[in-house]
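Novice: The following file, protein26.pdb, comprises PDB, C-alpha atoms:
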```
MODEL        1
ATOM      1  CA  MET S   1      18.222  -5.190  -7.003  1.00  0.00           C
ATOM      2  CA  GLU S   2      21.931  -4.748  -7.785  1.00  0.00           C
ATOM      3  CA  PRO S   3      24.383  -4.401  -4.835  1.00  0.00           C
ATOM      4  CA  ALA S   4      25.371  -0.889  -5.892  1.00  0.00           C
ATOM      5  CA  GLN S   5      21.734   0.218  -5.974  1.00  0.00           C
ATOM      6  CA  ALA S   6      21.071  -1.386  -2.578  1.00  0.00           C
ATOM      7  CA  LEU S   7      24.079   0.457  -1.154  1.00  0.00           C
ATOM      8  CA  ARG S   8      22.841   3.782  -2.520  1.00  0.00           C
ATOM      9  CA  LEU S   9      19.416   3.212  -0.966  1.00  0.00           C
ATOM     10  CA  MET S  10      21.032   2.347   2.363  1.00  0.00           C
ATOM     11  CA  MET S  11      23.146   5.499   2.341  1.00  0.00           C
ATOM     12  CA  ARG S  12      20.099   7.617   1.585  1.00  0.00           C
ATOM     13  CA  ALA S  13      18.184   5.887   4.372  1.00  0.00           C
ATOM     14  CA  LEU S  14      20.922   6.830   6.823  1.00  0.00           C
ATOM     15  CA  GLY S  15      20.226  10.426   5.848  1.00  0.00           C
ATOM     16  CA  GLY S  16      16.576   9.994   6.780  1.00  0.00           C
ATOM     17  CA  ARG S  17      15.197   9.591   3.244  1.00  0.00           C
ATOM     18  CA  ILE S  18      14.839   6.945   0.568  1.00  0.00           C
ATOM     19  CA  SER S  19      14.083   8.157  -2.953  1.00  0.00           C
ATOM     20  CA  ILE S  20      12.407   5.815  -5.443  1.00  0.00           C
ATOM     21  CA  PRO S  21      12.351   7.244  -8.992  1.00  0.00           C
ATOM     22  CA  LEU S  22       8.949   7.180 -10.659  1.00  0.00           C
ATOM     23  CA  SER S  23      10.705   6.075 -13.838  1.00  0.00           C
ATOM     24  CA  ALA S  24      11.508   2.771 -12.104  1.00  0.00           C
ATOM     25  CA  VAL S  25       7.855   2.380 -11.082  1.00  0.00           C
ATOM     26  CA  ARG S  26       6.679   3.149 -14.617  1.00  0.00           C
ATOM     27  CA  GLN S  27       9.073   0.552 -15.999  1.00  0.00           C
ATOM     28  CA  ARG S  28       7.470  -2.054 -13.752  1.00  0.00           C
ATOM     29  CA  LEU S  29       4.033  -1.158 -15.108  1.00  0.00           C
ATOM     30  CA  ILE S  30       4.919  -1.686 -18.757  1.00  0.00           C
ATOM     31  CA  GLY S  31       3.023  -4.566 -20.268  1.00  0.00           C
ATOM     32  CA  ILE S  32       1.339  -5.753 -17.064  1.00  0.00           C
ATOM     33  CA  SER S  33      -1.704  -6.613 -19.136  1.00  0.00           C
ATOM     34  CA  GLU S  34      -2.871  -6.215 -22.708  1.00  0.00           C
ATOM     35  CA  ARG S  35      -6.295  -5.182 -21.442  1.00  0.00           C
ATOM     36  CA  PHE S  36      -5.068  -2.796 -18.763  1.00  0.00           C
ATOM     37  CA  GLU S  37      -3.264   0.517 -19.209  1.00  0.00           C
ATOM     38  CA  LEU S  38      -1.903   2.547 -16.317  1.00  0.00           C
ATOM     39  CA  ASP S  39       0.094   5.752 -16.100  1.00  0.00           C
ATOM     40  CA  ILE S  40       1.336   7.615 -13.045  1.00  0.00           C
ATOM     41  CA  ALA S  41       2.433  11.219 -12.704  1.00  0.00           C
ATOM     42  CA  GLU S  42       3.614  13.469  -9.913  1.00  0.00           C
ATOM     43  CA  ALA S  43       0.842  15.347  -8.089  1.00  0.00           C
ATOM     44  CA  PRO S  44       2.370  16.433  -4.737  1.00  0.00           C
ATOM     45  CA  PRO S  45       1.996  15.307  -2.073  1.00  0.00           C
ATOM     46  CA  GLY S  46       0.876  12.190  -3.921  1.00  0.00           C
ATOM     47  CA  LEU S  47       0.394  10.724  -7.374  1.00  0.00           C
ATOM     48  CA  ARG S  48      -2.068  11.126 -10.221  1.00  0.00           C
ATOM     49  CA  VAL S  49      -3.051   7.762 -11.686  1.00  0.00           C
ATOM     50  CA  ARG S  50      -4.753   7.418 -15.054  1.00  0.00           C
ATOM     51  CA  GLY S  51      -5.664   4.327 -16.989  1.00  0.00           C
ATOM     52  CA  ARG S  52      -8.032   2.310 -19.122  1.00  0.00           C
ATOM     53  CA  ALA S  53      -9.402  -1.156 -18.543  1.00  0.00           C
ATOM     54  CA  HIS S  54     -12.190  -3.484 -19.642  1.00  0.00           C
ATOM     55  CA  ALA S  55     -14.735  -4.319 -16.961  1.00  0.00           C
ATOM     56  CA  LEU S  56     -17.970  -6.254 -17.492  1.00  0.00           C
ATOM     57  CA  GLY S  57     -17.491  -5.962 -21.228  1.00  0.00           C
ATOM     58  CA  ALA S  58     -17.093  -2.178 -21.304  1.00  0.00           C
ATOM     59  CA  PRO S  59     -14.015   0.027 -21.830  1.00  0.00           C
ATOM     60  CA  ILE S  60     -13.534   2.159 -18.698  1.00  0.00           C
ATOM     61  CA  ALA S  61     -11.272   5.181 -18.385  1.00  0.00           C
ATOM     62  CA  PHE S  62     -10.362   6.199 -14.857  1.00  0.00           C
ATOM     63  CA  SER S  63      -8.214   8.679 -12.976  1.00  0.00           C
ATOM     64  CA  ALA S  64      -7.562   9.352  -9.307  1.00  0.00           C
ATOM     65  CA  ARG S  65      -5.240  11.147  -6.963  1.00  0.00           C
ATOM     66  CA  ILE S  66      -3.457   8.874  -4.470  1.00  0.00           C
ATOM     67  CA  ALA S  67      -1.574   9.898  -1.326  1.00  0.00           C
ATOM     68  CA  ALA S  68      -0.217   7.766   1.510  1.00  0.00           C
ATOM     69  CA  GLU S  69       0.780   8.440   5.080  1.00  0.00           C
ATOM     70  CA  GLY S  70       3.692   6.901   6.948  1.00  0.00           C
ATOM     71  CA  VAL S  71       3.593   3.474   8.543  1.00  0.00           C
ATOM     72  CA  GLU S  72       1.788   3.543  11.885  1.00  0.00           C
ATOM     73  CA  VAL S  73       3.370   1.309  14.509  1.00  0.00           C
ATOM     74  CA  LYS S  74       0.885  -0.007  17.045  1.00  0.00           C
ATOM     75  CA  GLY S  75       1.107  -3.369  18.777  1.00  0.00           C
ATOM     76  CA  GLU S  76       1.623  -6.048  16.139  1.00  0.00           C
ATOM     77  CA  GLN S  77       0.148  -3.891  13.375  1.00  0.00           C
ATOM     78  CA  ARG S  78       2.089  -1.883  10.796  1.00  0.00           C
ATOM     79  CA  THR S  79      -0.547   0.020   8.889  1.00  0.00           C
ATOM     80  CA  VAL S  80      -0.455   2.435   5.965  1.00  0.00           C
ATOM     81  CA  ARG S  81      -3.394   4.731   5.216  1.00  0.00           C
ATOM     82  CA  ILE S  82      -3.916   5.399   1.513  1.00  0.00           C
ATOM     83  CA  ARG S  83      -6.209   8.255   0.480  1.00  0.00           C
ATOM     84  CA  LEU S  84      -8.083   8.226  -2.828  1.00  0.00           C
ATOM     85  CA  SER S  85      -9.531  11.496  -4.111  1.00  0.00           C
ATOM     86  CA  GLU S  86     -10.560  13.270  -7.311  1.00  0.00           C
ATOM     87  CA  VAL S  87     -11.748   9.968  -8.735  1.00  0.00           C
ATOM     88  CA  ALA S  88     -13.256  10.126 -12.226  1.00  0.00           C
ATOM     89  CA  LEU S  89     -14.768   7.388 -14.386  1.00  0.00           C
ATOM     90  CA  ALA S  90     -15.798   7.551 -18.024  1.00  0.00           C
ATOM     91  CA  THR S  91     -16.869   5.189 -20.780  1.00  0.00           C
ATOM     92  CA  ASP S  92     -17.958   5.257 -24.403  1.00  0.00           C
ATOM     93  CA  ASP S  93     -21.469   6.442 -25.260  1.00  0.00           C
ATOM     94  CA  ASP S  94     -22.299   3.077 -26.802  1.00  0.00           C
ATOM     95  CA  ALA S  95     -20.469   0.865 -24.279  1.00  0.00           C
ATOM     96  CA  PRO S  96     -22.664  -2.065 -23.188  1.00  0.00           C
ATOM     97  CA  GLY S  97     -23.382  -3.436 -19.743  1.00  0.00           C
ATOM     98  CA  PRO S  98     -24.650  -2.325 -16.311  1.00  0.00           C
ATOM     99  CA  LEU S  99     -21.359  -0.793 -15.236  1.00  0.00           C
ATOM    100  CA  ALA S 100     -21.206   1.445 -18.290  1.00  0.00           C
ATOM    101  CA  ASP S 101     -24.833   2.470 -17.727  1.00  0.00           C
ATOM    102  CA  ALA S 102     -24.076   3.318 -14.082  1.00  0.00           C
ATOM    103  CA  ILE S 103     -21.104   5.476 -15.069  1.00  0.00           C
ATOM    104  CA  ARG S 104     -23.062   7.373 -17.745  1.00  0.00           C
ATOM    105  CA  THR S 105     -25.976   8.078 -15.396  1.00  0.00           C
ATOM    106  CA  GLY S 106     -23.733   9.116 -12.476  1.00  0.00           C
ATOM    107  CA  MET S 107     -25.003   6.360 -10.190  1.00  0.00           C
ATOM    108  CA  ILE S 108     -21.502   5.476  -8.951  1.00  0.00           C
ATOM    109  CA  ASP S 109     -20.359   7.431  -5.885  1.00  0.00           C
ATOM    110  CA  THR S 110     -16.840   8.468  -6.852  1.00  0.00           C
ATOM    111  CA  GLY S 111     -16.679  10.775  -3.832  1.00  0.00           C
ATOM    112  CA  ASN S 112     -16.262   7.726  -1.566  1.00  0.00           C
ATOM    113  CA  PRO S 113     -14.152   5.356  -3.665  1.00  0.00           C
ATOM    114  CA  ALA S 114     -12.875   3.233  -0.772  1.00  0.00           C
ATOM    115  CA  THR S 115     -16.421   2.441   0.351  1.00  0.00           C
ATOM    116  CA  LEU S 116     -17.348   1.663  -3.251  1.00  0.00           C
ATOM    117  CA  ILE S 117     -14.436  -0.746  -3.677  1.00  0.00           C
ATOM    118  CA  GLY S 118     -15.192  -2.457  -0.374  1.00  0.00           C
ATOM    119  CA  ASN S 119     -18.814  -2.995  -1.401  1.00  0.00           C
ATOM    120  CA  MET S 120     -18.036  -4.248  -4.894  1.00  0.00           C
ATOM    121  CA  ILE S 121     -15.283  -6.798  -4.329  1.00  0.00           C
ATOM    122  CA  SER S 122     -13.987  -9.104  -1.617  1.00  0.00           C
ATOM    123  CA  LEU S 123     -10.894  -7.427  -0.184  1.00  0.00           C
ATOM    124  CA  PRO S 124      -7.807  -9.373   0.986  1.00  0.00           C
ATOM    125  CA  ASP S 125      -7.140  -9.766   4.709  1.00  0.00           C
ATOM    126  CA  MET S 126      -4.362  -7.182   4.636  1.00  0.00           C
ATOM    127  CA  VAL S 127      -6.936  -4.464   3.838  1.00  0.00           C
ATOM    128  CA  VAL S 128      -8.259  -3.811   7.336  1.00  0.00           C
ATOM    129  CA  GLU S 129     -10.414  -0.798   6.442  1.00  0.00           C
ATOM    130  CA  ALA S 130     -11.980   0.649   3.292  1.00  0.00           C
ATOM    131  CA  ARG S 131     -14.230   3.586   4.045  1.00  0.00           C
ATOM    132  CA  GLY S 132     -14.873   6.974   2.490  1.00  0.00           C
ATOM    133  CA  GLN S 133     -11.682   8.019   0.758  1.00  0.00           C
ATOM    134  CA  SER S 134      -9.316   5.900   2.889  1.00  0.00           C
ATOM    135  CA  VAL S 135      -7.958   2.397   2.518  1.00  0.00           C
ATOM    136  CA  VAL S 136      -5.882   1.063   5.426  1.00  0.00           C
ATOM    137  CA  VAL S 137      -3.452  -1.773   4.733  1.00  0.00           C
ATOM    138  CA  ASP S 138      -1.788  -3.815   7.488  1.00  0.00           C
ATOM    139  CA  LEU S 139       1.628  -4.773   6.116  1.00  0.00           C
ATOM    140  CA  MET S 140       1.916  -7.551   8.691  1.00  0.00           C
ATOM    141  CA  LYS S 141      -0.992  -9.321   6.969  1.00  0.00           C
ATOM    142  CA  VAL S 142       0.763  -9.540   3.614  1.00  0.00           C
ATOM    143  CA  PRO S 143       0.544 -13.322   2.977  1.00  0.00           C
ATOM    144  CA  ALA S 144       4.305 -13.947   2.878  1.00  0.00           C
ATOM    145  CA  ILE S 145       4.659 -12.268   6.287  1.00  0.00           C
ATOM    146  CA  ALA S 146       1.410 -13.413   7.902  1.00  0.00           C
ATOM    147  CA  ARG S 147       2.123 -17.116   7.470  1.00  0.00           C
ATOM    148  CA  ASP S 148       5.599 -16.968   9.074  1.00  0.00           C
ATOM    149  CA  GLU S 149       5.435 -16.132  12.785  1.00  0.00           C
ATOM    150  CA  THR S 150       9.203 -15.789  13.177  1.00  0.00           C
ATOM    151  CA  LEU S 151       9.503 -13.457  10.195  1.00  0.00           C
ATOM    152  CA  ARG S 152       6.524 -11.440  11.403  1.00  0.00           C
ATOM    153  CA  ALA S 153       8.052 -10.997  14.858  1.00  0.00           C
ATOM    154  CA  ALA S 154      11.422 -10.014  13.394  1.00  0.00           C
ATOM    155  CA  ILE S 155       9.911  -7.426  11.044  1.00  0.00           C
ATOM    156  CA  ALA S 156       7.786  -5.999  13.854  1.00  0.00           C
ATOM    157  CA  ALA S 157      10.864  -5.623  16.056  1.00  0.00           C
ATOM    158  CA  ALA S 158      12.978  -4.033  13.322  1.00  0.00           C
ATOM    159  CA  THR S 159      10.294  -1.564  12.230  1.00  0.00           C
ATOM    160  CA  SER S 160       9.663  -0.497  15.815  1.00  0.00           C
ATOM    161  CA  TYR S 161      13.185   0.970  15.859  1.00  0.00           C
ATOM    162  CA  VAL S 162      13.449   2.339  12.320  1.00  0.00           C
ATOM    163  CA  GLY S 163      10.404   2.955  10.157  1.00  0.00           C
ATOM    164  CA  VAL S 164       8.797   4.980   7.383  1.00  0.00           C
ATOM    165  CA  THR S 165       7.277   8.005   9.091  1.00  0.00           C
ATOM    166  CA  GLY S 166       6.125   9.833   5.970  1.00  0.00           C
ATOM    167  CA  ILE S 167       5.543   9.319   2.253  1.00  0.00           C
ATOM    168  CA  GLU S 168       5.482  12.100  -0.324  1.00  0.00           C
ATOM    169  CA  VAL S 169       6.180  12.693  -4.000  1.00  0.00           C
ATOM    170  CA  ALA S 170       8.691  15.280  -5.216  1.00  0.00           C
ATOM    171  CA  ASP S 171      11.204  15.686  -8.055  1.00  0.00           C
ATOM    172  CA  ASP S 172       9.530  12.817  -9.958  1.00  0.00           C
ATOM    173  CA  SER S 173      10.325  10.432  -7.108  1.00  0.00           C
ATOM    174  CA  ILE S 174       8.530   8.784  -4.208  1.00  0.00           C
ATOM    175  CA  ILE S 175      10.228   9.970  -1.011  1.00  0.00           C
ATOM    176  CA  LEU S 176      10.126   7.712   2.048  1.00  0.00           C
ATOM    177  CA  LYS S 177      10.977   9.590   5.240  1.00  0.00           C
ATOM    178  CA  ILE S 178      12.796   7.396   7.742  1.00  0.00           C
ATOM    179  CA  GLY S 179      12.479   7.919  11.479  1.00  0.00           C
ATOM    180  CA  VAL S 180      13.754   6.316  14.679  1.00  0.00           C
ATOM    181  CA  LEU S 181      11.335   4.754  17.210  1.00  0.00           C
ATOM    182  CA  PRO S 182       8.229   5.556  15.119  1.00  0.00           C
ATOM    183  CA  GLY S 183       5.929   4.029  17.733  1.00  0.00           C
ATOM    184  CA  GLY S 184       7.866   5.242  20.756  1.00  0.00           C
ATOM    185  CA  PRO S 185      10.261   3.394  23.110  1.00  0.00           C
ATOM    186  CA  LYS S 186       7.483   1.327  24.712  1.00  0.00           C
ATOM    187  CA  GLU S 187       6.397  -0.194  21.395  1.00  0.00           C
ATOM    188  CA  ALA S 188      10.050  -0.911  20.540  1.00  0.00           C
ATOM    189  CA  ALA S 189      10.581  -2.714  23.836  1.00  0.00           C
ATOM    190  CA  LEU S 190       7.412  -4.797  23.456  1.00  0.00           C
ATOM    191  CA  SER S 191       8.212  -5.750  19.858  1.00  0.00           C
ATOM    192  CA  THR S 192      11.720  -6.789  20.867  1.00  0.00           C
ATOM    193  CA  ALA S 193      10.348  -8.894  23.710  1.00  0.00           C
ATOM    194  CA  ARG S 194       7.880 -10.648  21.390  1.00  0.00           C
ATOM    195  CA  ALA S 195      10.631 -11.421  18.883  1.00  0.00           C
ATOM    196  CA  ALA S 196      12.920 -12.739  21.625  1.00  0.00           C
ATOM    197  CA  LEU S 197      10.218 -14.964  23.140  1.00  0.00           C
ATOM    198  CA  MET S 198       8.984 -16.376  19.830  1.00  0.00           C
ATOM    199  CA  PRO S 199      11.567 -19.227  19.611  1.00  0.00           C
ATOM    200  CA  LEU S 200      10.700 -20.309  23.170  1.00  0.00           C
ATOM    201  CA  VAL S 201       6.974 -20.262  22.438  1.00  0.00           C
ATOM    202  CA  ARG S 202       7.467 -22.318  19.277  1.00  0.00           C
ATOM    203  CA  TYR S 203       9.558 -24.826  21.236  1.00  0.00           C
ATOM    204  CA  LEU S 204       7.066 -25.204  24.086  1.00  0.00           C
ATOM    205  CA  TRP S 205       3.989 -25.184  21.833  1.00  0.00           C
ATOM    206  CA  PRO S 206       4.978 -26.673  18.462  1.00  0.00           C
ATOM    207  CA  GLU S 207       2.616 -26.366  15.535  1.00  0.00           C
ATOM    208  CA  GLY S 208      -0.429 -28.584  15.904  1.00  0.00           C
ATOM    209  CA  ARG S 209      -0.114 -28.901  19.667  1.00  0.00           C
ATOM    210  CA  PRO S 210      -2.903 -27.294  21.744  1.00  0.00           C
TER     211      PRO S 210
ENDMDL
END
```
Once you've parsed the file, please lay out its structure as structure tokens.
Specialist:
Amino acid sequence: MEPAQALRLMMRALGGRISIPLSAVRQRLIGISERFELDIAEAPPGLRVRGRAHALGAPIAFSARIAAEGVEVKGEQRTVRIRLSEVALATDDDAPGPLADAIRTGMIDTGNPATLIGNMISLPDMVVEARGQSVVVDLMKVPAIARDETLRAAIAAATSYVGVTGIEVADDSIILKIGVLPGGPKEAALSTARAALMPLVRYLWPEGRP
């Protein structure tokens, strides 16, 4: 990210909002895979996602509506709930394989996509819940954060004071609403204490010592 762009985002954040143009997101999606096509469009309060992919030897067309809530601050967790709805799957009449057969016969429960995903594949640790139409992701379990205790404590402390309290889509942009003390003053105080004590804990109990 260029310094000028970072400065613009910071100024917008001070006004309580960060706007991420969908054009920038679309640019990131270009050419992610020759066998995978994905398009996103505004569908307030969320996004409409459409695409095509090959799975188990069959061409699959899919679409879904995606909406996300703000980051919930609770203890050492920073979770985001993502809702999947209006999911549709389609394939060619002559597409081979069990997945294509299941789509044509309506055997796949698209009304509960999160449950379906959780049953079909092994989810990463950062996905702490996948049920019904909701997927809950704990940002503190993103691998780069989870493996660094000091970084994790620092991020927890910072986000307990200023955090994303809402996510919506408008004017062809993703709008992040910024709020102060998203988890309340008690959570902020506890997160600060954990971050302050972390160096002492690491000194007294170095890695590998019981």
Novice: Using the chain letters and numbers from the file, give me the residues hit by the PyMOL selection byres ((chain S and resi 170) around 10), as a list in words.
Specialist: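 Selected by the PyMOL selection byres ((chain S and resi 170) around 10) in this file: Ser19, Pro21, Leu22, Glu42, Ala43, Pro44, Pro45, Gly46, Leu47, Glu168, Val169, Asp171, Asp172, Ser173, Ile174 and Ile175 of chain S.
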Novice: For Arg50 of chain S, which residue out of S:Lys177, S:Glu37, S:Ile30, S:Ala188 is the nearest one, using all atoms listed in the file?
Specialist: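 Smallest separation from Arg50 of chain S among the options: S:Glu37.
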Novice: What would the selection look like, as a list in words, if the PyMOL selection byres ((chain S and resi 161) around 9) were run on the coordinates I just shared?
Specialist: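 Against this file, the PyMOL selection byres ((chain S and resi 161) around 9) returns the residues Ala157, Ala158, Thr159, Ser160, Val162, Gly163, Gly179, Val180, Leu181, Pro182, Gly183, Gly184, Pro185, Glu187 and Ala188 of chain S.
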Novice: So that I can check the surroundings of Ile178 of chain S, please list as a list of chain:residue names every protein, DNA and RNA residue that reaches within 6 Å of it, counting all atoms listed in the file and ignoring chain neighbours fewer than 6 positions away.
Specialist: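 Contacts, with the query itself left out: S:Gly16, S:Arg17, S:Gly163, S:Val164, S:Thr165.
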Novice: Apply the PyMOL selection byres ((chain S and resi 52-65) around 8) to the file shown and report the selected residues as a list in words.
Specialist: Arg35, Phe36, Glu37, Leu38, Ala43, Gly46, Leu47, Arg48, Val49, Arg50, Gly51, Ile66, Ala67, Leu84, Ser85, Glu86, Val87, Ala88, Leu89, Ala90, Thr91, Asp92, Ala95, Pro96, Gly97, Pro98, Leu99 and Ala100 of chain S
Novice: Which residue, S:Asp94, S:Ile155, S:Ile40, S:Ala68, has the smallest gap to Arg28 of chain S when you use all atoms listed in the file?
Specialist: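 Distance minimum relative to Arg28 of chain S lands on S:Ile40.
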Novice: Between atom CA of Met120 of chain S and atom CA of Ala102 of chain S, what distance in Å does the model show, to one decimal?
Specialist: 13.3 Å
Novice: Any chance you could model N, CA and C atoms for segment 80-104 of chain S and send them as a PDB file, keeping the file's coordinate frame?
Specialist:
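Once everything was written out, this is selection-v3.pdb:
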```
ATOM      1  N   VAL S  80      -0.631   1.282   6.860  1.00  0.00           N
ATOM      2  CA  VAL S  80      -0.455   2.435   5.965  1.00  0.00           C
ATOM      3  C   VAL S  80      -1.838   2.888   5.518  1.00  0.00           C
ATOM      4  N   ARG S  81      -2.121   4.177   5.671  1.00  0.00           N
ATOM      5  CA  ARG S  81      -3.394   4.731   5.216  1.00  0.00           C
ATOM      6  C   ARG S  81      -3.196   5.369   3.842  1.00  0.00           C
ATOM      7  N   ILE S  82      -3.981   4.894   2.882  1.00  0.00           N
ATOM      8  CA  ILE S  82      -3.916   5.399   1.513  1.00  0.00           C
ATOM      9  C   ILE S  82      -5.192   6.173   1.226  1.00  0.00           C
ATOM     10  N   ARG S  83      -5.052   7.401   0.746  1.00  0.00           N
ATOM     11  CA  ARG S  83      -6.209   8.255   0.480  1.00  0.00           C
ATOM     12  C   ARG S  83      -6.444   8.358  -1.032  1.00  0.00           C
ATOM     13  N   LEU S  84      -7.682   8.121  -1.431  1.00  0.00           N
ATOM     14  CA  LEU S  84      -8.083   8.226  -2.828  1.00  0.00           C
ATOM     15  C   LEU S  84      -9.014   9.418  -2.986  1.00  0.00           C
ATOM     16  N   SER S  85      -8.694  10.318  -3.903  1.00  0.00           N
ATOM     17  CA  SER S  85      -9.531  11.496  -4.111  1.00  0.00           C
ATOM     18  C   SER S  85      -9.550  11.857  -5.591  1.00  0.00           C
ATOM     19  N   GLU S  86     -10.438  12.784  -5.930  1.00  0.00           N
ATOM     20  CA  GLU S  86     -10.560  13.270  -7.311  1.00  0.00           C
ATOM     21  C   GLU S  86     -10.710  12.101  -8.288  1.00  0.00           C
ATOM     22  N   VAL S  87     -11.529  11.151  -7.899  1.00  0.00           N
ATOM     23  CA  VAL S  87     -11.748   9.968  -8.735  1.00  0.00           C
ATOM     24  C   VAL S  87     -12.721  10.299  -9.862  1.00  0.00           C
ATOM     25  N   ALA S  88     -12.390   9.893 -11.066  1.00  0.00           N
ATOM     26  CA  ALA S  88     -13.256  10.126 -12.226  1.00  0.00           C
ATOM     27  C   ALA S  88     -13.337   8.858 -13.063  1.00  0.00           C
ATOM     28  N   LEU S  89     -14.537   8.550 -13.533  1.00  0.00           N
ATOM     29  CA  LEU S  89     -14.768   7.388 -14.386  1.00  0.00           C
ATOM     30  C   LEU S  89     -15.487   7.837 -15.658  1.00  0.00           C
ATOM     31  N   ALA S  90     -15.141   7.222 -16.764  1.00  0.00           N
ATOM     32  CA  ALA S  90     -15.798   7.551 -18.024  1.00  0.00           C
ATOM     33  C   ALA S  90     -15.822   6.318 -18.912  1.00  0.00           C
ATOM     34  N   THR S  91     -16.779   6.285 -19.834  1.00  0.00           N
ATOM     35  CA  THR S  91     -16.869   5.189 -20.780  1.00  0.00           C
ATOM     36  C   THR S  91     -17.451   5.699 -22.090  1.00  0.00           C
ATOM     37  N   ASP S  92     -17.433   4.855 -23.095  1.00  0.00           N
ATOM     38  CA  ASP S  92     -17.958   5.257 -24.403  1.00  0.00           C
ATOM     39  C   ASP S  92     -19.487   5.379 -24.349  1.00  0.00           C
ATOM     40  N   ASP S  93     -20.012   6.242 -25.227  1.00  0.00           N
ATOM     41  CA  ASP S  93     -21.469   6.442 -25.260  1.00  0.00           C
ATOM     42  C   ASP S  93     -22.226   5.172 -25.602  1.00  0.00           C
ATOM     43  N   ASP S  94     -21.612   4.292 -26.384  1.00  0.00           N
ATOM     44  CA  ASP S  94     -22.299   3.077 -26.802  1.00  0.00           C
ATOM     45  C   ASP S  94     -21.779   1.833 -26.082  1.00  0.00           C
ATOM     46  N   ALA S  95     -21.006   2.018 -25.005  1.00  0.00           N
ATOM     47  CA  ALA S  95     -20.469   0.865 -24.279  1.00  0.00           C
ATOM     48  C   ALA S  95     -21.598   0.075 -23.625  1.00  0.00           C
ATOM     49  N   PRO S  96     -21.569  -1.248 -23.731  1.00  0.00           N
ATOM     50  CA  PRO S  96     -22.664  -2.065 -23.188  1.00  0.00           C
ATOM     51  C   PRO S  96     -22.440  -2.409 -21.712  1.00  0.00           C
ATOM     52  N   GLY S  97     -23.502  -2.878 -21.080  1.00  0.00           N
ATOM     53  CA  GLY S  97     -23.382  -3.436 -19.743  1.00  0.00           C
ATOM     54  C   GLY S  97     -23.845  -2.515 -18.629  1.00  0.00           C
ATOM     55  N   PRO S  98     -24.140  -3.107 -17.446  1.00  0.00           N
ATOM     56  CA  PRO S  98     -24.650  -2.325 -16.311  1.00  0.00           C
ATOM     57  C   PRO S  98     -23.631  -1.344 -15.738  1.00  0.00           C
ATOM     58  N   LEU S  99     -22.366  -1.706 -15.767  1.00  0.00           N
ATOM     59  CA  LEU S  99     -21.359  -0.793 -15.236  1.00  0.00           C
ATOM     60  C   LEU S  99     -21.266   0.464 -16.092  1.00  0.00           C
ATOM     61  N   ALA S 100     -21.258   0.295 -17.386  1.00  0.00           N
ATOM     62  CA  ALA S 100     -21.206   1.445 -18.290  1.00  0.00           C
ATOM     63  C   ALA S 100     -22.433   2.327 -18.102  1.00  0.00           C
ATOM     64  N   ASP S 101     -23.606   1.700 -17.959  1.00  0.00           N
ATOM     65  CA  ASP S 101     -24.833   2.470 -17.727  1.00  0.00           C
ATOM     66  C   ASP S 101     -24.746   3.264 -16.427  1.00  0.00           C
ATOM     67  N   ALA S 102     -24.192   2.641 -15.375  1.00  0.00           N
ATOM     68  CA  ALA S 102     -24.076   3.318 -14.082  1.00  0.00           C
ATOM     69  C   ALA S 102     -23.131   4.505 -14.154  1.00  0.00           C
ATOM     70  N   ILE S 103     -22.056   4.366 -14.918  1.00  0.00           N
ATOM     71  CA  ILE S 103     -21.104   5.476 -15.069  1.00  0.00           C
ATOM     72  C   ILE S 103     -21.746   6.624 -15.832  1.00  0.00           C
ATOM     73  N   ARG S 104     -22.450   6.314 -16.936  1.00  0.00           N
ATOM     74  CA  ARG S 104     -23.062   7.373 -17.745  1.00  0.00           C
ATOM     75  C   ARG S 104     -24.144   8.127 -16.985  1.00  0.00           C
TER      76      ARG S 104
END
```
